[in-house]
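What follows is target.cif (mmCIF, C-alpha atoms).
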```cif
data_work
#
loop_
_atom_site.label_atom_id
_atom_site.label_comp_id
_atom_site.auth_asym_id
_atom_site.auth_seq_id
_atom_site.Cartn_x
_atom_site.Cartn_y
_atom_site.Cartn_z
CA MET A 1 0.47 -31.88 -18.23
CA LYS A 2 2.19 -30.26 -15.27
CA ILE A 3 3.65 -26.76 -15.11
CA THR A 4 7.15 -28.29 -15.08
CA ASP A 5 6.43 -29.96 -18.45
CA LEU A 6 5.17 -26.66 -19.86
CA ILE A 7 8.31 -24.85 -18.73
CA THR A 8 10.46 -27.35 -20.63
CA ALA A 9 8.25 -27.39 -23.73
CA LEU A 10 8.04 -23.60 -24.11
CA ASP A 11 11.41 -22.73 -22.58
CA LEU A 12 9.82 -20.53 -19.91
CA LYS A 13 11.70 -18.81 -17.12
CA VAL A 14 10.48 -19.36 -13.56
CA ILE A 15 10.29 -16.03 -11.77
CA SER A 16 8.57 -17.06 -8.54
CA GLY A 17 6.06 -19.42 -6.94
CA GLN A 18 8.31 -22.52 -7.21
CA ASN A 19 6.06 -24.40 -4.79
CA GLY A 20 3.30 -24.53 -7.40
CA LEU A 21 5.32 -26.11 -10.20
CA ASP A 22 3.57 -29.49 -9.81
CA ASN A 23 0.17 -27.90 -10.60
CA GLU A 24 -1.78 -29.76 -13.26
CA ILE A 25 -2.83 -27.76 -16.36
CA LYS A 26 -6.47 -28.04 -17.44
CA GLY A 27 -6.55 -25.28 -20.03
CA GLY A 28 -5.52 -21.75 -20.84
CA TYR A 29 -6.97 -18.25 -20.62
CA VAL A 30 -5.80 -15.04 -22.28
CA SER A 31 -6.80 -11.58 -21.05
CA ASP A 32 -5.25 -8.38 -19.74
CA LEU A 33 -8.37 -7.14 -18.01
CA LEU A 34 -8.29 -8.49 -14.47
CA SER A 35 -12.04 -8.03 -14.05
CA ASP A 36 -12.54 -10.29 -17.07
CA VAL A 37 -10.20 -12.97 -15.70
CA MET A 38 -11.98 -12.84 -12.37
CA GLY A 39 -15.28 -13.45 -14.14
CA ASN A 40 -14.29 -15.99 -16.76
CA ALA A 41 -11.07 -17.93 -16.10
CA LYS A 42 -11.51 -21.47 -14.77
CA GLU A 43 -9.70 -23.59 -12.23
CA GLY A 44 -6.46 -25.15 -13.45
CA GLU A 45 -6.01 -22.81 -16.41
CA VAL A 46 -2.73 -21.16 -17.28
CA TRP A 47 -3.27 -17.41 -17.62
CA ILE A 48 -1.28 -15.55 -20.25
CA THR A 49 -1.04 -11.77 -19.73
CA LEU A 50 1.12 -8.69 -19.99
CA GLN A 51 -0.11 -7.40 -16.61
CA THR A 52 2.45 -7.54 -13.81
CA HIS A 53 0.51 -5.80 -11.01
CA GLN A 54 0.29 -7.58 -7.62
CA ASN A 55 -3.47 -8.06 -8.11
CA ILE A 56 -2.78 -10.80 -10.71
CA ILE A 57 -1.71 -13.14 -7.90
CA ALA A 58 -4.85 -12.56 -5.84
CA ILE A 59 -6.98 -13.28 -8.90
CA ALA A 60 -5.00 -16.40 -9.82
CA SER A 61 -5.34 -17.62 -6.25
CA LEU A 62 -9.06 -16.82 -6.11
CA LYS A 63 -9.68 -18.72 -9.36
CA ASP A 64 -7.24 -21.57 -8.54
CA LEU A 65 -5.28 -20.98 -11.74
CA ALA A 66 -2.32 -23.29 -12.43
CA ALA A 67 0.17 -20.53 -13.28
CA ILE A 68 0.61 -17.11 -14.88
CA ILE A 69 2.77 -16.56 -17.96
CA ILE A 70 4.01 -12.99 -18.37
CA VAL A 71 4.75 -12.15 -21.99
CA LYS A 72 7.27 -10.01 -23.86
CA GLY A 73 9.94 -10.32 -21.19
CA SER A 74 8.19 -7.97 -18.72
CA VAL A 75 9.42 -8.08 -15.16
CA PRO A 76 6.79 -8.23 -12.38
CA GLU A 77 6.82 -5.80 -9.45
CA ALA A 78 8.46 -6.92 -6.19
CA ASP A 79 5.03 -7.13 -4.49
CA THR A 80 3.85 -9.50 -7.20
CA ILE A 81 6.83 -11.81 -6.74
CA GLU A 82 6.42 -11.86 -2.97
CA LYS A 83 2.69 -12.67 -3.17
CA SER A 84 3.33 -15.33 -5.80
CA ASN A 85 5.70 -17.12 -3.40
CA THR A 86 3.23 -16.85 -0.52
CA GLU A 87 0.30 -18.09 -2.59
CA CYS A 88 2.35 -20.77 -4.44
CA ILE A 89 1.18 -19.49 -7.82
CA PRO A 90 4.03 -19.88 -10.32
CA VAL A 91 4.85 -16.74 -12.30
CA LEU A 92 6.60 -17.69 -15.53
CA SER A 93 8.16 -15.41 -18.10
CA THR A 94 8.72 -15.58 -21.84
CA ASP A 95 10.05 -13.23 -24.50
CA MET A 96 7.26 -14.39 -26.83
CA ASP A 97 4.16 -12.26 -27.32
CA THR A 98 0.70 -13.38 -26.25
CA PHE A 99 -0.33 -14.68 -29.68
CA SER A 100 2.70 -16.93 -30.01
CA VAL A 101 2.70 -18.36 -26.51
CA ALA A 102 -1.08 -18.94 -26.58
CA GLY A 103 -0.71 -20.75 -29.91
CA ARG A 104 2.04 -22.97 -28.56
CA LEU A 105 0.04 -23.76 -25.40
CA PHE A 106 -3.06 -24.53 -27.45
CA GLU A 107 -1.10 -27.00 -29.62
CA LEU A 108 0.40 -28.73 -26.57
CA LEU A 109 -2.99 -29.14 -24.86
CA LYS A 110 -4.61 -30.39 -28.08
CA LYS A 111 -2.15 -33.31 -28.20
CA GLU A 112 -3.15 -34.53 -24.74
CA MET B 1 -17.60 26.78 7.17
CA LYS B 2 -18.64 27.67 3.64
CA VAL B 3 -19.72 25.28 0.89
CA PHE B 4 -17.83 25.41 -2.40
CA ARG B 5 -19.00 23.69 -5.54
CA ALA B 6 -16.24 21.77 -7.36
CA ASP B 7 -15.96 19.95 -10.68
CA LEU B 8 -12.57 18.30 -10.49
CA HIS B 9 -12.44 16.44 -13.79
CA ILE B 10 -12.35 18.65 -16.88
CA HIS B 11 -10.53 18.01 -20.15
CA THR B 12 -9.35 20.78 -22.46
CA VAL B 13 -8.73 20.88 -26.19
CA LEU B 14 -5.27 19.51 -25.40
CA SER B 15 -6.79 16.07 -24.78
CA PRO B 16 -7.37 14.36 -28.15
CA CYS B 17 -10.96 13.63 -27.09
CA GLY B 18 -11.52 17.15 -25.76
CA ASP B 19 -13.77 19.25 -28.00
CA LEU B 20 -12.17 22.10 -29.95
CA ASP B 21 -14.44 24.45 -27.98
CA MET B 22 -12.71 23.43 -24.74
CA SER B 23 -10.24 26.31 -24.82
CA PRO B 24 -9.05 27.79 -21.52
CA VAL B 25 -11.17 30.92 -22.06
CA ASN B 26 -14.32 28.92 -22.81
CA ILE B 27 -13.81 26.53 -19.90
CA VAL B 28 -13.46 29.38 -17.43
CA SER B 29 -16.50 31.28 -18.71
CA GLU B 30 -18.61 28.11 -18.72
CA ALA B 31 -17.47 27.24 -15.17
CA ALA B 32 -18.42 30.75 -14.06
CA ARG B 33 -21.81 30.47 -15.77
CA LYS B 34 -22.47 27.16 -13.98
CA GLY B 35 -21.58 28.69 -10.61
CA LEU B 36 -18.53 26.53 -9.93
CA ASP B 37 -16.13 27.71 -7.22
CA ILE B 38 -13.38 25.17 -7.91
CA ILE B 39 -12.37 23.38 -11.11
CA GLY B 40 -9.84 20.62 -11.67
CA ILE B 41 -7.98 20.63 -15.00
CA THR B 42 -7.21 17.06 -15.96
CA ASP B 43 -6.00 16.47 -19.51
CA HIS B 44 -4.80 13.01 -20.43
CA ASN B 45 -1.15 12.72 -19.37
CA SER B 46 -0.49 16.46 -19.64
CA THR B 47 -0.62 19.51 -17.39
CA ARG B 48 0.22 22.05 -20.10
CA HIS B 49 -3.06 24.01 -19.96
CA CYS B 50 -3.18 24.35 -16.17
CA LYS B 51 -1.20 27.54 -15.67
CA LEU B 52 -3.15 29.62 -18.20
CA ILE B 53 -6.48 28.36 -16.87
CA LYS B 54 -5.43 29.14 -13.31
CA ARG B 55 -4.59 32.72 -14.33
CA LEU B 56 -7.82 33.22 -16.31
CA ALA B 57 -9.95 31.61 -13.61
CA ALA B 58 -8.47 33.84 -10.89
CA GLN B 59 -9.93 36.85 -12.75
CA LYS B 60 -13.40 35.28 -12.38
CA GLY B 61 -12.90 34.22 -8.78
CA ILE B 62 -12.60 30.50 -9.56
CA PHE B 63 -9.99 28.34 -7.81
CA VAL B 64 -8.12 25.85 -10.01
CA LEU B 65 -6.69 22.50 -8.97
CA GLN B 66 -3.85 21.92 -11.42
CA GLY B 67 -3.18 18.37 -12.49
CA ALA B 68 -3.77 15.65 -15.05
CA GLU B 69 -5.62 12.42 -15.71
CA ILE B 70 -2.90 9.81 -15.87
CA THR B 71 -3.13 6.49 -17.71
CA THR B 72 -1.05 4.04 -15.68
CA LYS B 73 0.77 1.04 -17.14
CA GLU B 74 -2.30 -1.09 -16.33
CA GLU B 75 -4.47 1.50 -18.18
CA VAL B 76 -6.13 2.70 -14.98
CA HIS B 77 -7.13 6.38 -15.15
CA CYS B 78 -6.17 8.42 -12.08
CA LEU B 79 -6.37 12.12 -11.27
CA ALA B 80 -3.38 13.85 -9.70
CA PHE B 81 -3.28 17.46 -8.46
CA PHE B 82 -0.39 19.65 -7.34
CA GLU B 83 -0.17 22.70 -5.13
CA ASN B 84 2.50 24.78 -6.87
CA THR B 85 4.31 25.34 -10.15
CA ASP B 86 7.46 23.52 -9.05
CA ALA B 87 5.57 20.31 -8.30
CA LEU B 88 3.49 20.68 -11.46
CA ASP B 89 6.63 21.10 -13.59
CA LEU B 90 8.28 18.06 -12.01
CA PHE B 91 5.16 16.05 -12.69
CA GLN B 92 5.07 17.23 -16.31
CA GLU B 93 8.66 16.02 -16.65
CA PHE B 94 7.60 12.63 -15.21
CA LEU B 95 4.79 12.45 -17.80
CA ASP B 96 7.10 13.44 -20.67
CA ASN B 97 9.67 10.85 -19.62
CA ASN B 98 7.18 7.99 -19.37
CA LEU B 99 4.80 8.55 -22.26
CA PRO B 100 5.48 6.12 -25.14
CA ASP B 101 6.88 7.56 -28.35
CA LEU B 102 3.78 6.84 -30.42
CA ILE B 103 2.64 9.66 -32.67
CA ASN B 104 -0.93 10.94 -32.58
CA ASP B 105 -3.01 10.83 -35.77
CA PRO B 106 -5.32 13.86 -35.34
CA ASP B 107 -7.74 12.52 -37.99
CA LYS B 108 -8.32 9.38 -35.94
CA PHE B 109 -7.94 10.51 -32.34
CA GLY B 110 -8.40 14.29 -32.40
CA TYR B 111 -6.20 17.36 -32.09
CA GLN B 112 -3.86 17.80 -29.12
CA VAL B 113 -3.24 21.52 -29.08
CA GLN B 114 -2.32 24.08 -26.48
CA VAL B 115 -3.81 27.53 -27.11
CA ASP B 116 -3.31 30.96 -25.59
CA GLU B 117 -5.95 33.29 -24.18
CA ASN B 118 -6.88 34.40 -27.69
CA ASP B 119 -7.44 30.77 -28.78
CA ILE B 120 -4.30 30.88 -30.94
CA VAL B 121 -2.49 27.51 -31.12
CA ILE B 122 0.92 27.82 -29.48
CA PHE B 123 1.92 24.14 -29.20
CA GLU B 124 0.89 20.80 -30.60
CA GLU B 125 1.64 17.63 -28.64
CA LYS B 126 2.89 15.08 -31.17
CA ARG B 127 2.75 11.97 -28.99
CA LEU B 128 -0.67 10.40 -28.39
CA LEU B 129 -1.57 11.50 -24.86
CA THR B 130 -4.10 8.78 -24.10
CA ASN B 131 -1.54 5.97 -24.20
CA ALA B 132 -0.42 4.22 -21.03
CA LEU B 133 2.65 5.52 -19.25
CA SER B 134 5.42 3.03 -18.50
CA LYS B 135 4.73 3.49 -14.75
CA SER B 136 2.46 1.31 -12.63
CA PHE B 137 -0.53 2.47 -10.58
CA GLU B 138 1.59 2.33 -7.41
CA GLU B 139 4.51 4.18 -9.04
CA VAL B 140 2.24 7.02 -10.20
CA GLU B 141 0.66 7.18 -6.73
CA ALA B 142 4.07 7.29 -5.03
CA PHE B 143 5.43 9.96 -7.40
CA THR B 144 2.31 12.10 -6.85
CA HIS B 145 2.47 11.80 -3.06
CA ASN B 146 6.22 12.49 -3.01
CA LEU B 147 5.36 15.84 -4.59
CA ASN B 148 2.68 16.35 -1.89
CA GLY B 149 0.01 15.96 -4.52
CA LEU B 150 -3.49 14.53 -4.33
CA PHE B 151 -4.18 11.15 -5.93
CA ILE B 152 -7.73 10.17 -6.95
CA PRO B 153 -8.46 7.04 -9.04
CA ALA B 154 -10.98 8.21 -11.67
CA HIS B 155 -14.50 6.94 -12.50
CA ILE B 156 -13.98 3.72 -10.56
CA ASP B 157 -17.46 2.47 -11.49
CA LYS B 158 -16.73 2.41 -15.23
CA LEU B 159 -16.18 -0.80 -17.15
CA LYS B 160 -13.07 0.53 -18.85
CA ASN B 161 -9.95 2.30 -17.60
CA SER B 162 -11.03 2.00 -13.98
CA ILE B 163 -9.39 0.33 -11.01
CA TYR B 164 -12.10 -2.33 -11.02
CA SER B 165 -12.00 -3.05 -14.76
CA GLN B 166 -8.20 -3.14 -15.02
CA LEU B 167 -7.15 -4.51 -11.64
CA GLY B 168 -10.25 -6.46 -10.60
CA PHE B 169 -10.47 -5.01 -7.10
CA LEU B 170 -8.85 -2.34 -4.91
CA PRO B 171 -5.13 -3.07 -4.44
CA VAL B 172 -4.29 -3.76 -0.79
CA ASN B 173 -3.01 -0.73 1.12
CA MET B 174 -4.02 1.59 -1.71
CA LYS B 175 -3.14 5.17 -0.83
CA ALA B 176 -5.82 7.35 -2.42
CA ASP B 177 -7.02 10.75 -1.24
CA ALA B 178 -10.47 10.03 -2.66
CA LEU B 179 -12.21 7.80 -5.18
CA GLU B 180 -14.12 9.35 -8.06
CA ILE B 181 -17.39 7.88 -9.32
CA SER B 182 -18.97 8.85 -12.61
CA ARG B 183 -22.37 10.28 -13.41
CA LEU B 184 -23.55 6.73 -14.20
CA THR B 185 -23.94 5.75 -10.53
CA SER B 186 -24.53 7.31 -7.13
CA PRO B 187 -22.40 7.11 -3.97
CA GLU B 188 -25.18 5.11 -2.23
CA LYS B 189 -25.55 2.58 -5.04
CA PHE B 190 -21.85 2.13 -5.58
CA THR B 191 -21.00 1.81 -1.89
CA ALA B 192 -23.79 -0.75 -1.46
CA ALA B 193 -22.29 -2.86 -4.27
CA HIS B 194 -18.71 -2.29 -3.07
CA PRO B 195 -18.67 -2.09 0.74
CA GLU B 196 -14.87 -2.25 0.62
CA ILE B 197 -14.73 1.43 -0.41
CA LYS B 198 -16.19 2.56 2.92
CA GLY B 199 -13.65 4.78 4.59
CA PHE B 200 -12.65 6.42 1.32
CA THR B 201 -13.96 9.87 0.42
CA ILE B 202 -16.08 9.84 -2.71
CA THR B 203 -15.99 12.63 -5.29
CA ARG B 204 -18.19 13.08 -8.34
CA SER B 205 -17.15 15.17 -11.30
CA SER B 206 -18.25 15.66 -14.87
CA ASP B 207 -15.26 14.30 -16.84
CA ALA B 208 -16.23 17.10 -19.24
CA HIS B 209 -15.09 16.86 -22.85
CA PHE B 210 -17.58 19.50 -24.11
CA PRO B 211 -18.44 22.89 -22.58
CA ASP B 212 -22.03 21.76 -21.85
CA ASN B 213 -20.73 18.92 -19.63
CA ILE B 214 -18.92 21.25 -17.23
CA GLY B 215 -20.53 21.33 -13.79
CA THR B 216 -23.31 18.87 -14.67
CA ILE B 217 -22.03 16.71 -11.80
CA PHE B 218 -20.08 18.21 -8.93
CA THR B 219 -18.79 17.72 -5.40
CA ASN B 220 -19.37 20.08 -2.47
CA PHE B 221 -16.43 21.08 -0.29
CA SER B 222 -17.29 22.38 3.15
CA MET B 223 -14.29 24.39 4.38
CA GLU B 224 -13.09 27.82 5.53
CA THR B 225 -11.68 29.11 2.29
CA ARG B 226 -10.38 27.82 -1.04
CA SER B 227 -6.80 26.60 -0.96
CA PHE B 228 -4.94 23.40 -1.71
CA SER B 229 -4.47 22.75 2.00
CA GLU B 230 -8.18 23.30 2.76
CA ILE B 231 -9.13 20.94 -0.09
CA ARG B 232 -6.74 18.31 1.26
CA GLN B 233 -8.30 18.63 4.73
CA ALA B 234 -11.81 18.40 3.29
CA LEU B 235 -10.90 15.24 1.38
CA LYS B 236 -9.46 13.78 4.58
CA GLY B 237 -12.51 14.95 6.55
CA VAL B 238 -10.41 16.58 9.27
CA ASN B 239 -10.61 19.85 11.26
CA GLY B 240 -14.31 20.21 10.56
CA ARG B 241 -13.80 20.21 6.80
CA LYS B 242 -15.63 17.68 4.67
CA VAL B 243 -16.76 16.68 1.22
CA PHE B 244 -20.31 15.75 0.27
CA THR B 245 -22.16 14.92 -2.92
CA GLU B 246 -25.82 15.37 -3.82
#
```

Structure re-expressed in structure tokens:
Amino acid sequence: MKITDLITALDLKVISGQNGLDNEIKGGYVSDLLSDVMGNAKEGEVWITLQTHQNIIAIASLKDLAAIIIVKGSVPEADTIEKSNTECIPVLSTDMDTFSVAGRLFELLKKE
Amino acid sequence: MKVFRADLHIHTVLSPCGDLDMSPVNIVSEAARKGLDIIGITDHNSTRHCKLIKRLAAQKGIFVLQGAEITTKEEVHCLAFFENTDALDLFQEFLDNNLPDLINDPDKFGYQVQVDENDIVIFEEKRLLTNALSKSFEEVEAFTHNLNGLFIPAHIDKLKNSIYSQLGFLPVNMKADALEISRLTSPEKFTAAHPEIKGFTITRSSDAHFPDNIGTIFTNFSMETRSFSEIRQALKGVNGRKVFTE
């Protein structure tokens, strides 16, 4: 499944990083501790978080993550948006909370 | 130059985790007993005990850096200090405006009380002070520096509520006046593991929650006299002033 398919399936809003929308999804990871994501997330995963700090992009880029989903309608900082466009890491937004969006993503990936 | 011994991270009874014995009077007498020349008062998201402690400490010849330990939106703990009452009051307003409206349960988290010099309770903070403000690390830093304050990310070596635990690594172009490490590591060890912090001044303080903790770890300031401006110069390492740890 590509990020574009996920956007349609979960009705996500694209905030930035449009150039990464063809990224292929290999899994998901949920954490709000950036040190934990740096240590444990794997390439191609979609990262679900409530963090909006610019460092999320560097970590997603370092770990080759497919995209970041920001929950509960939070708006990322301007720095984050700018870096997301430079690094081609899509930042997506949803009004759902982490539990709901992770559940929906899990179900979608299970069907594949 | 003279050397002044400073413990810049001390909680009072106002912090929910601060022991009931951490009253302004007790903190000042313990700091005097430990031979401290400078103390930093850093309750979680509150500056309300600073003024009384500054007044009491002056009687014992101790200089007080007035500030707070802020929990940013990302749950990074940072120390901020201010030179005068106007700046301190503006910062208190910033804290009040950005602390979530979640009520403290003293049985679970501890009492959040402000006391006078006779240890009589004069105010109880109803909102839980340890919660994260609605302002980001960079917003707190900018607000502090706009008030000419000092901004020091706290216990950066810790696995919770530190820059490294919450944000993974140092944000690019971070504007910090120093970085604090805890008693759990040493400047040599931590710098060896994190060469990227070279160039930043390192401070060590006790993060005292009990009277016994006060002054157990400290930072030396080599400077002419004790003032906010001298401390700023020492942290910057300019005009012959400097900071060193043991």

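If you look at atom CA of Asn45 of chain B and atom CA of Phe94 of chain B, they are 9.7 Å away from each other.
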
Give as a compact mmCIF listing (two decimals) with C-alpha atoms, in the coordinates of the input the residues that the PyMOL selection byres ((chain B and resi 167) around 10) matches when applied to the coordinates above.
```txt
# COMPACT_ATOMS: atom_id res chain seq x y z
CA ASP A 32 -5.25 -8.38 -19.74
CA LEU A 33 -8.37 -7.14 -18.01
CA LEU A 34 -8.29 -8.49 -14.47
CA SER A 35 -12.04 -8.03 -14.05
CA ASP A 36 -12.54 -10.29 -17.07
CA VAL A 37 -10.20 -12.97 -15.70
CA MET A 38 -11.98 -12.84 -12.37
CA GLN A 51 -0.11 -7.40 -16.61
CA HIS A 53 0.51 -5.80 -11.01
CA GLN A 54 0.29 -7.58 -7.62
CA ASN A 55 -3.47 -8.06 -8.11
CA ILE A 56 -2.78 -10.80 -10.71
CA ILE A 59 -6.98 -13.28 -8.90
CA GLU B 74 -2.30 -1.09 -16.33
CA GLU B 75 -4.47 1.50 -18.18
CA VAL B 76 -6.13 2.70 -14.98
CA PHE B 137 -0.53 2.47 -10.58
CA ASN B 161 -9.95 2.30 -17.60
CA SER B 162 -11.03 2.00 -13.98
CA ILE B 163 -9.39 0.33 -11.01
CA TYR B 164 -12.10 -2.33 -11.02
CA SER B 165 -12.00 -3.05 -14.76
CA GLN B 166 -8.20 -3.14 -15.02
CA GLY B 168 -10.25 -6.46 -10.60
CA PHE B 169 -10.47 -5.01 -7.10
CA LEU B 170 -8.85 -2.34 -4.91
CA PRO B 171 -5.13 -3.07 -4.44
```

Exercise. Kindly resolve the PyMOL selection byres ((chain B and resi 138) around 9) on the present coordinates and return the residues as JSON, numbers by chain.
Key: {"A": [53], "B": [72, 135, 136, 137, 139, 140, 141, 142, 143, 174, 175]}

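One finds atom CA of Ser31 of chain A at 25.6 Å from atom CA of Leu79 of chain B.
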
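Pairwise distance (atom CA of Lys72 of chain A, atom CA of Ala102 of chain A) equals 12.5 Å.
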
Quiz prompt | Selection dump of the PyMOL selection byres ((chain A and resi 112) around 12), as JSON, numbers by chain | solution = {"A": [1, 2, 25, 26, 27, 105, 106, 107, 108, 109, 110, 111]}

Self-check item: Contact residues around Leu50 of chain A with all atoms listed in the file at 9 Å, ignoring same-chain residues under 2 positions, as a VMD selection string
Solution: chain A and resid 31 to 32 48 52 69 to 72 74 97 to 98

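Closest approach to Glu77 of chain A among A:Ser61, A:Ser16, A:Ser100, A:Asn23: A:Ser16, based on only C-alpha atoms.
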
Quiz prompt | Pick from B:His155, B:Lys34, B:Arg127, B:Lys54, whichever lies nearest to Phe190 of chain B using only C-alpha atoms | solution = B:His155

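Using all atoms listed in the file, the nearest neighbour of His9 of chain B within the list B:Leu150, B:Ala208, B:Leu235, B:Val64 is B:Ala208.
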
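Between chain B and the candidates A:Gln18, A:Asn85, A:Ser93, A:Thr49, the tightest atom-to-atom separation, counting all atoms listed in the file, involves A:Thr49.
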
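Taking all atoms listed in the file into account, Asp37 of chain B lies nearest to B:Ile62 out of the set B:Val13, B:Ile62, B:Ile70, B:Cys50.
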
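Residues having any atom no farther than 8 Å from (-5.5, -23.9, -18.1) (counting all atoms listed in the file) are Ile25, Lys26, Gly27, Gly28, Tyr29, Lys42, Glu43, Gly44, Glu45, Val46, Trp47, Leu65 and Ala66 of chain A.
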
Practice problem: Using all atoms listed in the file, determine which residues lie at most 6 Å from Asn220 of chain B, disregarding the query and same-chain residues fewer than 3 positions distant; provide the list as an MDAnalysis selection string. | Solution: chainID B and resid 4:5 243:245

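With distances restricted to only C-alpha atoms, B:Asn173 is the closest residue to chain A from B:Asn98, B:Thr216, B:Ser46, B:Asn173.
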
Practice problem: Would you kindly return, as a PyMOL selection string, each protein, DNA or RNA residue with an atom no farther than 12 Å from any atom of Leu90 of chain B, considering all atoms listed in the file and excluding same-chain residues fewer than 2 positions away? | Solution: chain B and resi 46-47+67+82-88+92-97+143-144+146-149

Quiz prompt | Residue contacts of Gly110 of chain B (12 Å, only C-alpha atoms) excluding same-chain residues fewer than 5 positions away, as a PyMOL selection string | solution = chain B and resi 12-20+103-105+124-130+209

Could you please fill out segment 94-109 of chain B with N, CA, C and O atoms and send it back as an mmCIF file, in the coordinates of the input?
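Wrote it out as result.cif, contents follow:
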```
data_model
loop_
_atom_site.group_PDB
_atom_site.id
_atom_site.type_symbol
_atom_site.label_atom_id
_atom_site.label_comp_id
_atom_site.auth_asym_id
_atom_site.auth_seq_id
_atom_site.Cartn_x
_atom_site.Cartn_y
_atom_site.Cartn_z
ATOM 1 N N PHE B 94 7.887 14.061 -15.437
ATOM 2 C CA PHE B 94 7.600 12.630 -15.210
ATOM 3 C C PHE B 94 6.706 12.093 -16.343
ATOM 4 O O PHE B 94 6.954 11.015 -16.897
ATOM 5 N N LEU B 95 5.690 12.874 -16.716
ATOM 6 C CA LEU B 95 4.790 12.450 -17.800
ATOM 7 C C LEU B 95 5.558 12.372 -19.117
ATOM 8 O O LEU B 95 5.461 11.383 -19.853
ATOM 9 N N ASP B 96 6.327 13.410 -19.412
ATOM 10 C CA ASP B 96 7.100 13.440 -20.670
ATOM 11 C C ASP B 96 8.067 12.267 -20.760
ATOM 12 O O ASP B 96 8.268 11.693 -21.828
ATOM 13 N N ASN B 97 8.670 11.921 -19.618
ATOM 14 C CA ASN B 97 9.670 10.850 -19.620
ATOM 15 C C ASN B 97 9.059 9.456 -19.738
ATOM 16 O O ASN B 97 9.760 8.504 -20.071
ATOM 17 N N ASN B 98 7.773 9.327 -19.427
ATOM 18 C CA ASN B 98 7.180 7.990 -19.370
ATOM 19 C C ASN B 98 6.062 7.737 -20.370
ATOM 20 O O ASN B 98 5.443 6.677 -20.356
ATOM 21 N N LEU B 99 5.811 8.729 -21.218
ATOM 22 C CA LEU B 99 4.800 8.550 -22.260
ATOM 23 C C LEU B 99 5.464 7.861 -23.456
ATOM 24 O O LEU B 99 6.542 8.266 -23.868
ATOM 25 N N PRO B 100 4.834 6.802 -24.006
ATOM 26 C CA PRO B 100 5.480 6.120 -25.140
ATOM 27 C C PRO B 100 5.586 7.042 -26.372
ATOM 28 O O PRO B 100 4.767 7.939 -26.545
ATOM 29 N N ASP B 101 6.605 6.763 -27.156
ATOM 30 C CA ASP B 101 6.880 7.560 -28.350
ATOM 31 C C ASP B 101 5.995 7.155 -29.514
ATOM 32 O O ASP B 101 6.489 6.771 -30.570
ATOM 33 N N LEU B 102 4.699 7.203 -29.351
ATOM 34 C CA LEU B 102 3.780 6.840 -30.420
ATOM 35 C C LEU B 102 3.058 8.103 -30.863
ATOM 36 O O LEU B 102 2.478 8.806 -30.043
ATOM 37 N N ILE B 103 3.122 8.372 -32.155
ATOM 38 C CA ILE B 103 2.640 9.660 -32.670
ATOM 39 C C ILE B 103 1.121 9.661 -32.837
ATOM 40 O O ILE B 103 0.531 8.696 -33.309
ATOM 41 N N ASN B 104 0.519 10.768 -32.449
ATOM 42 C CA ASN B 104 -0.930 10.940 -32.580
ATOM 43 C C ASN B 104 -1.304 11.136 -34.053
ATOM 44 O O ASN B 104 -0.594 11.780 -34.800
ATOM 45 N N ASP B 105 -2.435 10.540 -34.464
ATOM 46 C CA ASP B 105 -3.010 10.830 -35.770
ATOM 47 C C ASP B 105 -4.275 11.668 -35.513
ATOM 48 O O ASP B 105 -5.315 11.120 -35.132
ATOM 49 N N PRO B 106 -4.192 12.981 -35.696
ATOM 50 C CA PRO B 106 -5.320 13.860 -35.340
ATOM 51 C C PRO B 106 -6.617 13.486 -36.057
ATOM 52 O O PRO B 106 -7.697 13.689 -35.503
ATOM 53 N N ASP B 107 -6.510 12.903 -37.273
ATOM 54 C CA ASP B 107 -7.740 12.520 -37.990
ATOM 55 C C ASP B 107 -8.467 11.387 -37.280
ATOM 56 O O ASP B 107 -9.682 11.272 -37.354
ATOM 57 N N LYS B 108 -7.702 10.526 -36.620
ATOM 58 C CA LYS B 108 -8.320 9.380 -35.940
ATOM 59 C C LYS B 108 -8.662 9.672 -34.488
ATOM 60 O O LYS B 108 -9.702 9.275 -33.994
ATOM 61 N N PHE B 109 -7.755 10.351 -33.791
ATOM 62 C CA PHE B 109 -7.940 10.510 -32.340
ATOM 63 C C PHE B 109 -8.334 11.917 -31.916
ATOM 64 O O PHE B 109 -8.826 12.124 -30.822
#
```
